[in-house]
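Accompanying notes for the structure given below.
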Amino acid sequence: MQVTGIIIHDSACSSINGKGYDFYISKSGSIFPASDRTDSEYIHICVEGDFAKPHTVSVPELKEQIFLLSKLIVRVSESFGFSHERIFPHGHRCPGKYFPWAELVISDNDRYH
């Protein structure tokens, strides 16, 4: 089956438990790829943090994570040949109601935020 999009998780998600993602973006700004794919239809990206709690988007670590997420989305979507607009939350509670979706801006002009 062909990869058709990206699912975003946060690390507080109970289905993650140290696995269940293809890429993990840490608060320190590191991106860790998983050794095995988790899903044949979607790439799963986990952003470290608990977005069920209020956050300040001006926190430097979070801004860096969202910037890296934007770049990773562009690279993954280009590599697998699907639109970078095919980004979905894992569920109603993941990645949490305070996930900064508005900061996740990907432009067709410059190919990332």
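A note on labels: chains of the structure tokens are A, B, ... as shown, every chain counts residues from 1, and ligands are counted from 1 in their shown order.
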
Quiz item: If you count only C-alpha atoms, which residues fall within 9 Å of Val76 (chain A), apart from same-chain ones fewer than 6 positions away, as a ChimeraX atom specification?
Solution: /A:6,43,82,84

Quiz item: Counting only C-alpha atoms, what is within 6 Å of Tyr24 (chain A), bar same-chain residues fewer than 3 positions away, as a list in words?
Solution: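 Non-adjacent residues within range: Ile31, Phe32, Ile45, Cys46 and Val47 of chain A.
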
Exercise. Go through chain A and collect every residue that DSSP, computed from the backbone, puts in strand (DSSP E); the answer should be as number ranges by chain.
Key: A: 5-10, 23-25, 31-33, 42-47, 87-89

Using the selection just defined, write its residues with N, CA and C atoms as a JSON list (two decimals), in the first residue's frame.
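The file below, again.json, is the result:
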[["chain", "number", "residue", "atom", "x", "y", "z"],
["A", 5, "GLY", "N", -0.31, 10.02, 3.64],
["A", 5, "GLY", "CA", -0.37, 11.18, 4.51],
["A", 5, "GLY", "C", 0.44, 10.99, 5.78],
["A", 6, "ILE", "N", 0.30, 11.97, 6.67],
["A", 6, "ILE", "CA", 1.05, 12.02, 7.92],
["A", 6, "ILE", "C", 0.07, 12.14, 9.09],
["A", 7, "ILE", "N", 0.33, 11.38, 10.14],
["A", 7, "ILE", "CA", -0.43, 11.45, 11.38],
["A", 7, "ILE", "C", 0.48, 12.07, 12.44],
["A", 8, "ILE", "N", -0.03, 13.10, 13.15],
["A", 8, "ILE", "CA", 0.74, 13.78, 14.19],
["A", 8, "ILE", "C", 0.28, 13.29, 15.57],
["A", 9, "HIS", "N", 1.26, 12.96, 16.42],
["A", 9, "HIS", "CA", 1.02, 12.53, 17.80],
["A", 9, "HIS", "C", 1.78, 13.46, 18.75],
["A", 10, "ASP", "N", 1.42, 13.42, 20.02],
["A", 10, "ASP", "CA", 2.29, 13.99, 21.04],
["A", 10, "ASP", "C", 2.77, 12.83, 21.92],
["A", 23, "PHE", "N", 8.88, 8.88, 13.19],
["A", 23, "PHE", "CA", 9.84, 9.91, 13.56],
["A", 23, "PHE", "C", 9.41, 10.52, 14.89],
["A", 24, "TYR", "N", 10.41, 10.85, 15.72],
["A", 24, "TYR", "CA", 10.16, 11.47, 17.02],
["A", 24, "TYR", "C", 10.96, 12.77, 17.05],
["A", 25, "ILE", "N", 10.27, 13.89, 17.34],
["A", 25, "ILE", "CA", 10.95, 15.18, 17.43],
["A", 25, "ILE", "C", 11.02, 15.56, 18.91],
["A", 31, "ILE", "N", 15.72, 14.81, 15.83],
["A", 31, "ILE", "CA", 14.73, 13.97, 15.16],
["A", 31, "ILE", "C", 15.26, 12.55, 15.17],
["A", 32, "PHE", "N", 14.46, 11.65, 15.74],
["A", 32, "PHE", "CA", 14.85, 10.25, 15.82],
["A", 32, "PHE", "C", 13.94, 9.42, 14.92],
["A", 33, "PRO", "N", 14.52, 8.76, 13.91],
["A", 33, "PRO", "CA", 13.69, 7.86, 13.09],
["A", 33, "PRO", "C", 13.53, 6.51, 13.78],
["A", 42, "TYR", "N", 0.24, 5.55, 6.39],
["A", 42, "TYR", "CA", 0.59, 6.86, 6.95],
["A", 42, "TYR", "C", 1.96, 6.83, 7.60],
["A", 43, "ILE", "N", 2.62, 8.00, 7.59],
["A", 43, "ILE", "CA", 3.83, 8.21, 8.36],
["A", 43, "ILE", "C", 3.39, 8.85, 9.67],
["A", 44, "HIS", "N", 3.84, 8.30, 10.79],
["A", 44, "HIS", "CA", 3.46, 8.81, 12.11],
["A", 44, "HIS", "C", 4.64, 9.60, 12.69],
["A", 45, "ILE", "N", 4.36, 10.86, 13.06],
["A", 45, "ILE", "CA", 5.38, 11.72, 13.65],
["A", 45, "ILE", "C", 4.92, 12.10, 15.05],
["A", 46, "CYS", "N", 5.78, 11.86, 16.01],
["A", 46, "CYS", "CA", 5.50, 12.19, 17.41],
["A", 46, "CYS", "C", 6.32, 13.41, 17.81],
["A", 47, "VAL", "N", 5.64, 14.41, 18.37],
["A", 47, "VAL", "CA", 6.29, 15.61, 18.88],
["A", 47, "VAL", "C", 6.31, 15.50, 20.40],
["A", 87, "ILE", "N", -2.08, 16.12, 6.32],
["A", 87, "ILE", "CA", -1.61, 16.01, 7.70],
["A", 87, "ILE", "C", -2.84, 15.89, 8.60],
["A", 88, "PHE", "N", -2.81, 14.91, 9.50],
["A", 88, "PHE", "CA", -3.98, 14.64, 10.33],
["A", 88, "PHE", "C", -3.56, 14.45, 11.79],
["A", 89, "PRO", "N", -4.43, 14.84, 12.73],
["A", 89, "PRO", "CA", -4.17, 14.51, 14.13],
["A", 89, "PRO", "C", -4.42, 13.02, 14.35]]

Quiz prompt | Separation of CA of Ser14 (chain A) from CA of Ile106 (chain A) in Å | solution = 28.0 Å

Quiz item: Rounded to one decimal in Å, what is the spacing between CA of Pro95 (chain A) and CA of Phe51 (chain A)?
Solution: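 Taking CA of Pro95 (chain A) and CA of Phe51 (chain A), their separation equals 5.9 Å.
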
Quiz item: Within 12 Å of region 97-103 of chain A, counting only C-alpha atoms, which residues qualify if same-chain residues fewer than 6 places away don't, as JSON, numbers by chain?
Solution: {"A": [8, 9, 10, 11, 12, 46, 47, 48, 49, 50, 51, 52, 53, 54, 55, 56, 57, 58, 59, 62, 63, 64, 65, 66, 67, 68, 69, 70, 87, 88, 89, 90, 91, 112, 113]}

Quiz item: What lies within 9 Å of Gln2 (chain A) using only C-alpha atoms, ignoring chain neighbours under 6 positions off, as JSON, numbers by chain?
Solution: {"A": [40, 41, 42, 80]}

Quiz item: Quick one: distance from CA of Ser28 (chain A) to CA of Glu61 (chain A) in Å, one decimal?
Solution: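 Calculated distance between CA of Ser28 (chain A) and CA of Glu61 (chain A) is 6.7 Å.
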
Quiz item: Closest to Ser30 (chain A) among A:Leu72, A:Thr4, A:Ser15, A:Ser77, using only C-alpha atoms?
Solution: A:Leu72

Quiz prompt | Among listed residues A:Pro60, A:Ser26, A:Val3, A:Cys94, nearest Thr38 (chain A) (using only C-alpha atoms) | solution =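 Using only C-alpha atoms, Thr38 (chain A) sits closest to A:Val3.
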
Quiz item: For Gly96 (chain A), which residue among A:Arg75, A:Cys13, A:Lys27, A:Arg37 is the nearest when counting only C-alpha atoms?
Solution: A:Cys13
